[in-house]
$ cat query_28.txt   # compact mmCIF, C-alpha atoms and all ligand atoms
# COMPACT_ATOMS: atom_id res chain seq x y z
CA MET A 274 14.55 56.54 -33.78
CA ASN A 275 11.99 59.27 -34.51
CA ILE A 276 9.28 59.88 -31.97
CA PHE A 277 6.42 59.13 -34.37
CA VAL A 278 7.75 55.69 -35.23
CA LYS A 279 8.36 54.96 -31.54
CA ASN A 280 4.78 55.98 -30.60
CA THR A 281 3.32 53.93 -33.43
CA GLU A 282 5.27 50.84 -32.29
CA THR A 283 4.15 51.35 -28.69
CA MET A 284 0.53 51.66 -29.80
CA THR A 285 0.81 48.57 -31.98
CA ARG A 286 2.27 46.57 -29.07
CA LYS A 287 -0.49 47.86 -26.75
CA LEU A 288 -3.14 46.93 -29.29
CA LYS A 289 -1.63 43.48 -29.71
CA ARG A 290 -1.59 42.97 -25.95
CA SER A 291 -5.22 44.07 -25.53
CA PHE A 292 -6.23 41.84 -28.43
CA SER A 293 -4.49 38.85 -26.85
CA ALA A 294 -6.09 39.57 -23.48
CA ALA A 295 -9.54 39.90 -25.09
CA LEU A 296 -9.04 36.65 -27.03
CA ALA A 297 -7.95 34.83 -23.86
CA ALA A 298 -11.00 36.13 -21.97
CA LEU A 299 -13.26 35.07 -24.85
CA LEU A 300 -11.76 31.58 -24.95
CA LEU A 301 -12.26 31.23 -21.20
CA VAL A 302 -15.95 31.98 -21.64
CA VAL A 303 -16.47 29.99 -24.83
CA ILE A 304 -14.36 26.90 -23.97
CA PRO A 305 -15.22 25.75 -20.45
CA ALA A 306 -12.32 24.31 -18.45
CA ARG A 307 -12.20 20.50 -18.78
CA ALA A 308 -14.21 19.28 -15.82
CA GLN A 309 -12.41 17.06 -13.33
CA GLU A 310 -13.48 13.45 -13.60
CA SER A 311 -15.89 12.55 -10.80
CA LEU A 312 -14.59 10.22 -8.10
CA GLN A 313 -17.22 7.65 -9.10
CA ASP A 314 -16.04 7.68 -12.72
CA MET A 315 -12.41 7.48 -11.67
CA ILE A 316 -13.14 4.49 -9.41
CA GLU A 317 -15.06 2.61 -12.10
CA ARG A 318 -12.41 3.36 -14.72
CA GLY A 319 -9.69 2.08 -12.36
CA LEU A 320 -11.64 -1.06 -11.49
CA ASP A 321 -12.47 -1.82 -15.13
CA ARG A 322 -8.81 -1.49 -16.07
CA ALA A 323 -7.84 -3.63 -13.08
CA ALA A 324 -10.23 -6.41 -14.17
CA ASP A 325 -8.93 -6.34 -17.78
CA GLN A 326 -5.35 -6.48 -16.59
CA ALA A 327 -5.95 -9.18 -13.96
CA LEU A 328 -7.60 -11.44 -16.53
CA LEU A 329 -4.68 -10.93 -18.88
CA LEU A 330 -2.18 -11.74 -16.14
CA ALA A 331 -4.16 -14.82 -15.07
CA ARG A 332 -4.31 -16.12 -18.65
CA ASN A 333 -0.59 -15.49 -19.08
CA LEU A 334 0.21 -17.65 -16.03
CA GLU A 335 -2.62 -20.19 -16.08
CA GLY A 336 -0.55 -22.82 -17.89
CA THR A 337 2.60 -22.39 -15.80
CA PRO A 338 2.22 -24.68 -12.78
CA ASP A 339 2.73 -23.04 -9.37
CA ALA A 340 3.59 -19.62 -10.88
CA LEU A 341 2.47 -16.42 -9.19
CA PRO A 342 3.21 -12.92 -10.53
CA HIS A 343 6.33 -11.13 -9.39
CA THR A 344 6.83 -8.13 -11.69
CA TYR A 345 7.23 -7.01 -15.30
CA GLN A 346 10.73 -5.90 -16.15
CA ASP A 347 12.61 -5.26 -19.42
CA GLY A 348 9.63 -6.50 -21.42
CA LYS A 349 9.38 -9.77 -19.46
CA LEU A 350 6.79 -11.11 -17.06
CA LEU A 351 8.64 -12.48 -14.01
CA THR A 352 7.09 -15.00 -11.68
CA THR A 353 7.56 -16.34 -8.18
CA THR A 354 6.13 -19.15 -6.00
CA TYR A 355 4.22 -19.60 -2.74
CA ARG A 356 7.49 -19.06 -0.85
CA SER A 357 7.65 -15.33 -1.61
CA TRP A 358 6.13 -12.75 0.71
CA ILE A 359 4.18 -11.37 -2.27
CA SER A 360 2.57 -14.68 -3.25
CA GLY A 361 -0.92 -13.87 -1.90
CA PHE A 362 -1.46 -10.49 -3.50
CA PHE A 363 -2.50 -11.59 -6.99
CA PRO A 364 -5.08 -14.08 -5.66
CA GLY A 365 -6.32 -11.19 -3.49
CA VAL A 366 -6.59 -8.90 -6.52
CA LEU A 367 -8.71 -11.54 -8.25
CA TRP A 368 -10.97 -12.05 -5.21
CA MET A 369 -11.59 -8.32 -4.75
CA LEU A 370 -12.36 -7.79 -8.42
CA TYR A 371 -14.60 -10.88 -8.50
CA GLU A 372 -16.56 -9.59 -5.52
CA ASP A 373 -16.93 -6.18 -7.14
CA SER A 374 -17.92 -7.35 -10.62
CA GLY A 375 -19.45 -10.80 -10.11
CA ASP A 376 -17.44 -11.92 -13.18
CA GLY A 377 -17.18 -15.72 -12.94
CA GLN A 378 -13.88 -15.75 -14.86
CA LEU A 379 -12.28 -13.69 -12.12
CA GLY A 380 -13.79 -16.00 -9.49
CA LYS A 381 -12.44 -19.09 -11.26
CA TYR A 382 -8.95 -17.60 -11.45
CA ALA A 383 -9.16 -16.45 -7.80
CA GLU A 384 -9.64 -20.09 -6.77
CA ILE A 385 -6.84 -21.37 -9.02
CA PHE A 386 -4.24 -18.84 -7.88
CA THR A 387 -5.27 -19.06 -4.20
CA ASP A 388 -4.63 -22.81 -4.29
CA ARG A 389 -1.09 -22.11 -5.52
CA VAL A 390 -0.33 -20.31 -2.22
CA GLU A 391 -1.54 -23.12 0.06
CA PRO A 392 1.86 -24.77 0.80
CA ALA A 393 2.88 -21.50 2.49
CA LYS A 394 0.77 -22.50 5.51
CA LYS A 395 3.58 -24.78 6.68
CA LEU A 396 6.40 -22.23 6.46
CA THR A 397 8.05 -21.34 9.74
CA SER A 398 11.01 -19.55 8.18
CA THR A 399 9.14 -16.30 7.49
CA HIS A 400 7.05 -13.73 9.34
CA ASP A 401 5.23 -12.81 6.13
CA LEU A 402 2.48 -15.42 6.48
CA GLY A 403 -0.03 -12.69 7.31
CA PHE A 404 0.62 -10.99 3.97
CA MET A 405 0.64 -14.29 2.10
CA LEU A 406 -2.43 -15.93 3.60
CA MET A 407 -4.73 -13.05 4.53
CA SER A 408 -4.65 -11.45 1.08
CA SER A 409 -5.42 -14.80 -0.60
CA PHE A 410 -7.19 -17.24 1.73
CA GLY A 411 -8.49 -14.45 3.98
CA GLN A 412 -10.21 -12.71 1.06
CA GLY A 413 -11.42 -16.06 -0.26
CA TYR A 414 -12.93 -17.00 3.12
CA ARG A 415 -14.53 -13.57 3.58
CA ILE A 416 -16.17 -13.76 0.16
CA THR A 417 -17.12 -17.46 -0.09
CA GLY A 418 -17.29 -18.64 3.54
CA ASP A 419 -15.45 -21.80 2.39
CA ARG A 420 -14.30 -23.59 5.56
CA ARG A 421 -11.28 -25.07 3.72
CA TYR A 422 -9.87 -21.55 3.35
CA LEU A 423 -10.28 -20.94 7.07
CA GLU A 424 -8.43 -24.17 7.89
CA VAL A 425 -5.44 -22.96 5.87
CA ILE A 426 -5.38 -19.68 7.79
CA LEU A 427 -5.59 -21.47 11.15
CA GLU A 428 -2.68 -23.75 10.27
CA GLY A 429 -0.64 -20.86 8.87
CA THR A 430 -1.24 -18.79 12.01
CA ASP A 431 0.19 -21.55 14.17
CA SER A 432 3.21 -21.68 11.85
CA LEU A 433 3.60 -17.91 12.29
CA MET A 434 3.35 -18.16 16.08
CA THR A 435 6.50 -20.32 16.15
CA ARG A 436 8.26 -16.97 15.63
CA TRP A 437 6.67 -15.33 18.67
CA ASN A 438 8.83 -14.64 21.74
CA PRO A 439 6.69 -13.64 24.73
CA SER A 440 9.68 -12.44 26.80
CA LEU A 441 10.74 -9.97 24.10
CA GLY A 442 7.14 -9.13 23.26
CA VAL A 443 7.78 -9.20 19.51
CA MET A 444 7.66 -11.66 16.67
CA LYS A 445 10.90 -12.35 14.80
CA SER A 446 10.80 -11.05 11.22
CA TRP A 447 14.01 -12.45 9.84
CA ASN A 448 16.24 -15.14 11.23
CA GLU A 449 19.35 -14.30 13.23
CA ASN A 450 22.36 -13.36 11.10
CA LYS A 451 25.82 -11.82 11.48
CA ARG A 452 24.44 -8.32 11.89
CA TRP A 453 21.18 -8.87 13.80
CA LYS A 454 20.35 -11.16 16.74
CA TYR A 455 16.56 -10.91 16.57
CA PRO A 456 15.49 -8.58 13.74
CA VAL A 457 12.00 -7.11 13.65
CA ILE A 458 10.93 -4.95 10.71
CA ILE A 459 8.12 -2.41 10.67
CA ASP A 460 6.46 -4.43 7.86
CA ASN A 461 5.68 -7.04 10.53
CA MET A 462 2.79 -4.86 11.73
CA MET A 463 0.91 -6.08 8.65
CA ASN A 464 1.04 -9.70 9.81
CA LEU A 465 -0.89 -8.91 12.98
CA GLU A 466 -4.23 -8.74 11.20
CA MET A 467 -4.22 -12.52 10.81
CA LEU A 468 -3.68 -12.98 14.56
CA CYS A 469 -6.61 -10.70 15.40
CA PHE A 470 -8.75 -12.46 12.81
CA VAL A 471 -8.03 -15.89 14.31
CA THR A 472 -8.94 -14.66 17.79
CA HIS A 473 -12.22 -13.28 16.46
CA VAL A 474 -13.02 -16.58 14.73
CA THR A 475 -11.89 -19.00 17.46
CA GLY A 476 -12.35 -16.94 20.62
CA ASN A 477 -8.78 -17.85 21.64
CA ARG A 478 -7.22 -14.63 23.00
CA PHE A 479 -3.65 -15.95 22.67
CA TYR A 480 -3.29 -14.64 19.11
CA GLU A 481 -4.67 -11.15 19.58
CA ASN A 482 -2.83 -10.73 22.88
CA ALA A 483 0.41 -11.45 21.01
CA ALA A 484 -0.57 -8.98 18.28
CA GLU A 485 -1.27 -6.28 20.88
CA LYS A 486 2.02 -6.90 22.65
CA HIS A 487 3.95 -6.80 19.35
CA ALA A 488 2.24 -3.54 18.36
CA GLN A 489 3.02 -1.92 21.72
CA THR A 490 6.65 -3.07 21.85
CA THR A 491 6.98 -1.67 18.33
CA ILE A 492 5.55 1.72 19.39
CA LYS A 493 8.17 1.79 22.15
CA ASN A 494 11.22 0.88 20.09
CA HIS A 495 10.62 1.45 16.38
CA PHE A 496 9.62 5.13 16.23
CA ARG A 497 11.72 8.28 16.33
CA ALA A 498 10.61 11.47 18.08
CA ASP A 499 9.12 12.80 14.81
CA ALA A 500 6.98 9.61 14.42
CA SER A 501 9.01 8.31 11.49
CA THR A 502 10.07 4.68 11.80
CA TRP A 503 13.26 2.72 11.47
CA HIS A 504 12.96 -0.19 9.12
CA VAL A 505 14.81 -2.79 11.24
CA VAL A 506 15.08 -2.97 15.02
CA SER A 507 17.09 -5.91 16.29
CA TYR A 508 16.64 -7.11 19.86
CA ASP A 509 19.22 -8.74 22.09
CA PRO A 510 17.46 -11.76 23.62
CA ALA A 511 19.89 -11.64 26.57
CA THR A 512 18.82 -8.13 27.67
CA GLY A 513 15.43 -7.86 26.00
CA GLN A 514 16.51 -4.47 24.61
CA PRO A 515 17.20 -3.30 21.04
CA HIS A 516 20.88 -3.59 20.12
CA ALA A 517 20.62 -2.13 16.58
CA LYS A 518 18.35 0.21 14.62
CA ASN A 519 19.00 0.19 10.89
CA THR A 520 17.59 0.12 7.41
CA ALA A 521 17.59 -2.67 4.86
CA GLN A 522 15.57 -1.19 2.01
CA GLY A 523 15.80 2.53 2.76
CA TYR A 524 18.40 5.16 1.89
CA SER A 525 20.15 5.18 5.28
CA ASP A 526 19.72 4.13 8.90
CA ASP A 527 18.43 7.61 9.71
CA SER A 528 16.13 8.02 6.74
CA ALA A 529 12.39 7.46 6.39
CA TRP A 530 11.92 4.64 3.87
CA SER A 531 8.52 5.38 2.33
CA ARG A 532 7.02 1.92 2.22
CA GLY A 533 8.04 1.28 5.80
CA GLN A 534 6.21 4.43 6.89
CA ALA A 535 3.19 3.26 4.89
CA TRP A 536 3.24 -0.19 6.55
CA GLY A 537 3.30 1.53 9.94
CA LEU A 538 0.35 3.77 9.05
CA TYR A 539 -1.66 0.85 7.70
CA GLY A 540 -0.65 -1.45 10.57
CA TYR A 541 -1.71 0.88 13.39
CA THR A 542 -4.93 1.90 11.62
CA MET A 543 -5.74 -1.81 11.24
CA MET A 544 -4.88 -2.52 14.89
CA PHE A 545 -7.26 0.24 16.01
CA GLN A 546 -9.97 -1.17 13.77
CA GLU A 547 -9.42 -4.68 15.23
CA THR A 548 -9.07 -3.83 18.92
CA ASN A 549 -10.57 -0.37 19.46
CA ASN A 550 -7.54 0.43 21.64
CA PRO A 551 -7.03 4.22 21.32
CA ILE A 552 -3.23 4.04 21.55
CA TYR A 553 -3.20 2.66 18.02
CA LEU A 554 -5.41 5.46 16.72
CA GLU A 555 -3.01 7.98 18.24
CA GLN A 556 -0.02 6.22 16.68
CA ALA A 557 -1.70 6.14 13.26
CA ARG A 558 -2.47 9.86 13.52
CA LYS A 559 1.13 10.66 14.42
CA ILE A 560 2.42 8.69 11.43
CA ALA A 561 -0.14 10.32 9.12
CA ARG A 562 0.91 13.81 10.30
CA PHE A 563 4.58 12.98 9.74
CA LEU A 564 3.83 11.87 6.17
CA LEU A 565 1.37 14.57 5.16
CA ASP A 566 3.31 17.47 6.72
CA HIS A 567 6.63 16.31 5.28
CA PRO A 568 8.20 18.94 2.97
CA ASN A 569 9.37 16.13 0.67
CA LEU A 570 5.89 14.75 0.02
CA PRO A 571 5.22 15.82 -3.58
CA GLU A 572 2.16 17.89 -4.57
CA ASP A 573 0.56 14.83 -6.20
CA LYS A 574 1.04 12.91 -2.89
CA ILE A 575 2.90 9.89 -4.29
CA PRO A 576 6.04 9.65 -2.14
CA TYR A 577 9.59 9.36 -3.35
CA TRP A 578 10.92 5.89 -2.53
CA ASP A 579 12.55 7.39 0.59
CA PHE A 580 11.61 10.71 2.22
CA ASN A 581 15.32 11.45 2.55
CA ALA A 582 16.49 10.26 -0.87
CA PRO A 583 19.47 12.49 -1.70
CA ASP A 584 18.38 13.25 -5.28
CA ILE A 585 14.92 14.65 -4.51
CA PRO A 586 13.20 16.04 -6.64
CA GLY A 587 14.82 13.76 -9.21
CA ALA A 588 14.40 10.65 -7.04
CA LEU A 589 12.16 7.77 -8.10
CA ARG A 590 8.67 7.56 -6.68
CA ASP A 591 7.34 4.42 -5.02
CA ALA A 592 3.76 4.02 -6.23
CA SER A 593 3.27 1.02 -3.94
CA ALA A 594 3.87 3.23 -0.89
CA GLY A 595 1.31 5.70 -2.31
CA ALA A 596 -1.26 2.93 -2.76
CA ILE A 597 -0.74 1.51 0.75
CA MET A 598 -0.99 5.02 2.22
CA ALA A 599 -4.20 5.75 0.28
CA SER A 600 -5.90 2.59 1.49
CA ALA A 601 -4.82 3.21 5.09
CA LEU A 602 -5.86 6.88 5.02
CA ILE A 603 -9.36 6.05 3.78
CA GLN A 604 -9.72 3.60 6.64
CA LEU A 605 -8.28 6.08 9.14
CA SER A 606 -10.68 8.80 7.94
CA GLN A 607 -13.56 6.50 8.89
CA LEU A 608 -12.19 5.54 12.29
CA ASP A 609 -10.87 8.91 13.45
CA PRO A 610 -13.58 10.95 15.16
CA GLY A 611 -11.30 14.03 15.26
CA PRO A 612 -11.03 17.06 12.97
CA GLU A 613 -8.23 15.61 10.84
CA ALA A 614 -10.44 12.91 9.31
CA ALA A 615 -11.31 15.10 6.31
CA ARG A 616 -7.62 15.66 5.61
CA TRP A 617 -6.89 11.94 5.65
CA LEU A 618 -9.63 11.35 3.11
CA GLU A 619 -8.72 14.28 0.83
CA THR A 620 -5.11 13.11 0.64
CA ALA A 621 -6.16 9.55 -0.20
CA GLU A 622 -8.45 10.84 -2.95
CA GLN A 623 -5.62 12.86 -4.40
CA GLN A 624 -3.31 9.84 -4.28
CA LEU A 625 -5.89 7.73 -6.10
CA ARG A 626 -6.37 10.43 -8.75
CA THR A 627 -2.61 10.45 -9.34
CA LEU A 628 -2.37 6.65 -9.47
CA SER A 629 -5.33 6.59 -11.87
CA SER A 630 -3.58 8.96 -14.29
CA PRO A 631 -1.75 7.68 -17.41
CA GLU A 632 1.57 8.28 -15.65
CA TYR A 633 0.85 5.42 -13.22
CA LEU A 634 -2.07 3.36 -14.54
CA ALA A 635 -1.08 0.82 -17.20
CA ARG A 636 -2.89 0.92 -20.52
CA LYS A 637 -5.05 -2.09 -21.36
CA GLY A 638 -2.80 -4.95 -22.46
CA GLU A 639 0.38 -3.29 -21.22
CA MET A 640 2.97 -4.75 -18.81
CA GLY A 641 1.83 -8.36 -19.02
CA GLY A 642 -1.28 -7.54 -16.99
CA PHE A 643 0.21 -5.56 -14.09
CA LEU A 644 -1.68 -2.39 -13.22
CA ILE A 645 0.29 0.28 -11.34
CA LYS A 646 3.65 1.41 -12.71
CA HIS A 647 6.62 3.00 -10.93
CA GLY A 648 7.07 0.89 -7.80
CA VAL A 649 10.40 0.43 -6.04
CA GLY A 650 11.03 -2.89 -4.27
CA SER A 651 14.54 -2.37 -2.95
CA LEU A 652 16.69 0.36 -4.40
CA PRO A 653 19.76 -0.46 -2.26
CA GLY A 654 19.35 -4.11 -3.28
CA LYS A 655 18.98 -3.05 -6.94
CA ALA A 656 15.86 -5.20 -7.08
CA GLU A 657 12.51 -4.22 -8.62
CA VAL A 658 13.41 -0.62 -9.38
CA ASP A 659 10.77 1.47 -11.17
CA VAL A 660 8.56 -1.49 -12.02
CA PRO A 661 5.00 -2.61 -11.31
CA LEU A 662 4.63 -4.49 -8.02
CA THR A 663 1.85 -6.90 -7.23
CA TYR A 664 1.26 -5.30 -3.82
CA GLY A 665 1.00 -1.86 -5.45
CA ASP A 666 -1.85 -3.27 -7.55
CA TYR A 667 -3.46 -4.92 -4.51
CA TYR A 668 -3.57 -1.85 -2.29
CA TYR A 669 -4.64 0.45 -5.17
CA ILE A 670 -7.64 -1.82 -5.81
CA GLU A 671 -8.39 -2.12 -2.10
CA ALA A 672 -8.29 1.68 -1.79
CA LEU A 673 -10.62 2.15 -4.79
CA LEU A 674 -13.07 -0.31 -3.27
CA ARG A 675 -12.91 1.34 0.14
CA LEU A 676 -13.64 4.70 -1.47
CA LYS A 677 -16.43 3.19 -3.57
CA LYS A 678 -18.06 1.78 -0.44
CA LEU A 679 -17.76 5.11 1.30
CA LEU A 680 -19.34 7.08 -1.55
CA HIS A 681 -22.11 4.51 -1.73
CA GLN A 682 -22.79 4.78 2.01
CA ARG A 683 -22.89 8.55 1.74
CA LYS A 684 -25.42 8.40 -1.09
CA SER A 685 -27.65 6.01 0.83
CA LEU A 686 -27.80 8.31 3.86
CA PRO A 687 -30.99 10.40 4.09
CA LEU A 688 -30.32 14.03 3.11
N1 LIG B 701 9.14 -6.68 3.00
C1 LIG B 701 8.10 -5.99 2.42
C2 LIG B 701 8.47 -4.83 1.61
O1 LIG B 701 9.40 -4.85 0.83
O2 LIG B 701 7.81 -3.84 1.72

$ encode --input "query_28.txt" --output "structure tokens" --more "lines below"
Ligand code: GLY
Amino acid sequence: MNIFVKNTETMTRKLKRSFSAALAALLLVVIPARAQESLQDMIERGLDRAADQALLLARNLEGTPDALPHTYQDGKLLTTTYRSWISGFFPGVLWMLYEDSGDGQLGKYAEIFTDRVEPAKKLTSTHDLGFMLMSSFGQGYRITGDRRYLEVILEGTDSLMTRWNPSLGVMKSWNENKRWKYPVIIDNMMNLEMLCFVTHVTGNRFYENAAEKHAQTTIKNHFRADASTWHVVSYDPATGQPHAKNTAQGYSDDSAWSRGQAWGLYGYTMMFQETNNPIYLEQARKIARFLLDHPNLPEDKIPYWDFNAPDIPGALRDASAGAIMASALIQLSQLDPGPEAARWLETAEQQLRTLSSPEYLARKGEMGGFLIKHGVGSLPGKAEVDVPLTYGDYYYIEALLRLKKLLHQRKSLPL
């Protein structure tokens, strides 16, 4: 190649490069970067979508007696009854959205779907009564003050207490089976709120004392040195000691199943809120550090279904775990007087931004009225895999409302 041609080509390439750089700089100045949506706008957009979807779901199920939403899978809306641990979440969604918007339609449906959960108050075969009754009747009582709702909670709490064993210091989650003598799962921390609530309402310390004992026995036996939690700890009633530590819904006995970690974080934050006992604050902080410092927590802060899933980064996310974490972290940021509070809140905000993106938030009219996509119920059980989950919707809405309240309080403070 002759030298002249070579120099001309080099000059042309240089000119092209400078032109491209100049054009890019010009575009940067002329077209401002798309501004990030404000938190207020994101919250209102999420709540508006939630109300549209909840009304759709309510209308879809209104004419089916006793039905409560389960999930939306393969183009079908699946339902369940009062017997399921998830039965109270949809009534709770309706109550929260009614309180936020004042929309009478939402209030009417909140009453209808809450009534469908009432027979659960007599169940003694499940530890999940706290989930079932506090999200439905608890929200209804808080918002309306209707004494009938309180009576259901009081009866349900006594049903739940039939599963309490004071010598072991824990409540039985599942009944004895071939593998486990007295199984307790980390999820059980979530049922303690109802016990604390009943003590606050009645003045009878029996319930909150049991909740405190359960929470402390669980700190002793459920957590590993790194503050991650086993899913199932089974106690031997003869010795009072754990005889097995396993998983049921996680990847392996040694793994950190994401929703279980989220229940632990939420449960101990709630127990600190209810009792002011600092050991629960410390436990919540330890769990939060484990989750937020974990190398497998993705940049967008929505966890894979298990922190040790073998196919990370290809593993499925569990949006429900992200929503539970977000709600708990907002609460923790308000209760923790230490320097990490800002980090708890920033992470929750990021989680809510991700869940409010088109990847996770259903479009209006989509998915039969469910709201948050990409939840995982039980991957080992091949049940509810990569679908919307009613508790994912519940905790997403609760988290938005907690953040809304917080921003409102901040604005009302004198500058
Ligand atoms: N048992 C409650 C859950 O699946 O998280």

$ residues_near_ligand --input "query_28.txt" --ligand "ligand LIG 701 (chain B)" --cutoff "12 Å" --atoms "only C-alpha atoms and all ligand atoms" --output "PyMOL selection string"
chain A and resi 357-360+399-405+446-447+457-464+504-505+520-523+530-537+578+591-594+597+648-654+656-658+662-665

$ atom_distance --input "query_28.txt" --atom1 "atom CA of Thr627 of chain A" --atom2 "atom CA of Leu379 of chain A"
26.2 Å

$ residues_around --input "query_28.txt" --residues "Thr337 of chain A" --least-positions-apart "6" --cutoff "12 Å" --atoms "all atoms listed in the file" --output "VMD selection string"
chain A and resid 330 to 331 351 to 354 385 to 386 389

$ atom_distance --input "query_28.txt" --atom1 "atom CA of Met543 of chain A" --atom2 "atom CA of Ala488 of chain A"
10.8 Å

$ atom_distance --input "query_28.txt" --atom1 "atom CA of Asp321 of chain A" --atom2 "atom CA of Asp339 of chain A"
26.7 Å

$ residues_around --input "query_28.txt" --residues "segment 566-571 of chain A" --least-positions-apart "6" --cutoff "8 Å" --atoms "all atoms listed in the file" --output "PyMOL selection string"
chain A and resi 577+580-581+585

$ residues_around --input "query_28.txt" --residues "Ser606 of chain A" --least-positions-apart "3" --cutoff "8 Å" --atoms "all atoms listed in the file" --output "VMD selection string"
chain A and resid 602 to 603 609 613 to 618

$ closest_residue --input "query_28.txt" --among "A:Glu639, A:Glu572, A:Glu622, A:Asp388" --to "Ile316 of chain A" --atoms "all atoms listed in the file"
A:Glu622

$ residues_around --input "query_28.txt" --residues "Thr387 of chain A" --least-positions-apart "2" --cutoff "8 Å" --atoms "all atoms listed in the file" --output "list in words"
Gly361, Pro364, Gly365, Ala383, Glu384, Ile385, Arg389, Val390, Glu391, Ser409, Phe410 and Gly413 of chain A

$ closest_residue --input "query_28.txt" --among "A:Leu676, A:Leu625, A:Leu441, A:Ala601" --to "Ser507 of chain A" --atoms "only C-alpha atoms"
A:Leu441

$ residues_around --input "query_28.txt" --residues "Leu554 of chain A" --least-positions-apart "5" --cutoff "7 Å" --atoms "all atoms listed in the file" --output "list of chain:residue names"
A:Tyr541, A:Thr542, A:Phe545
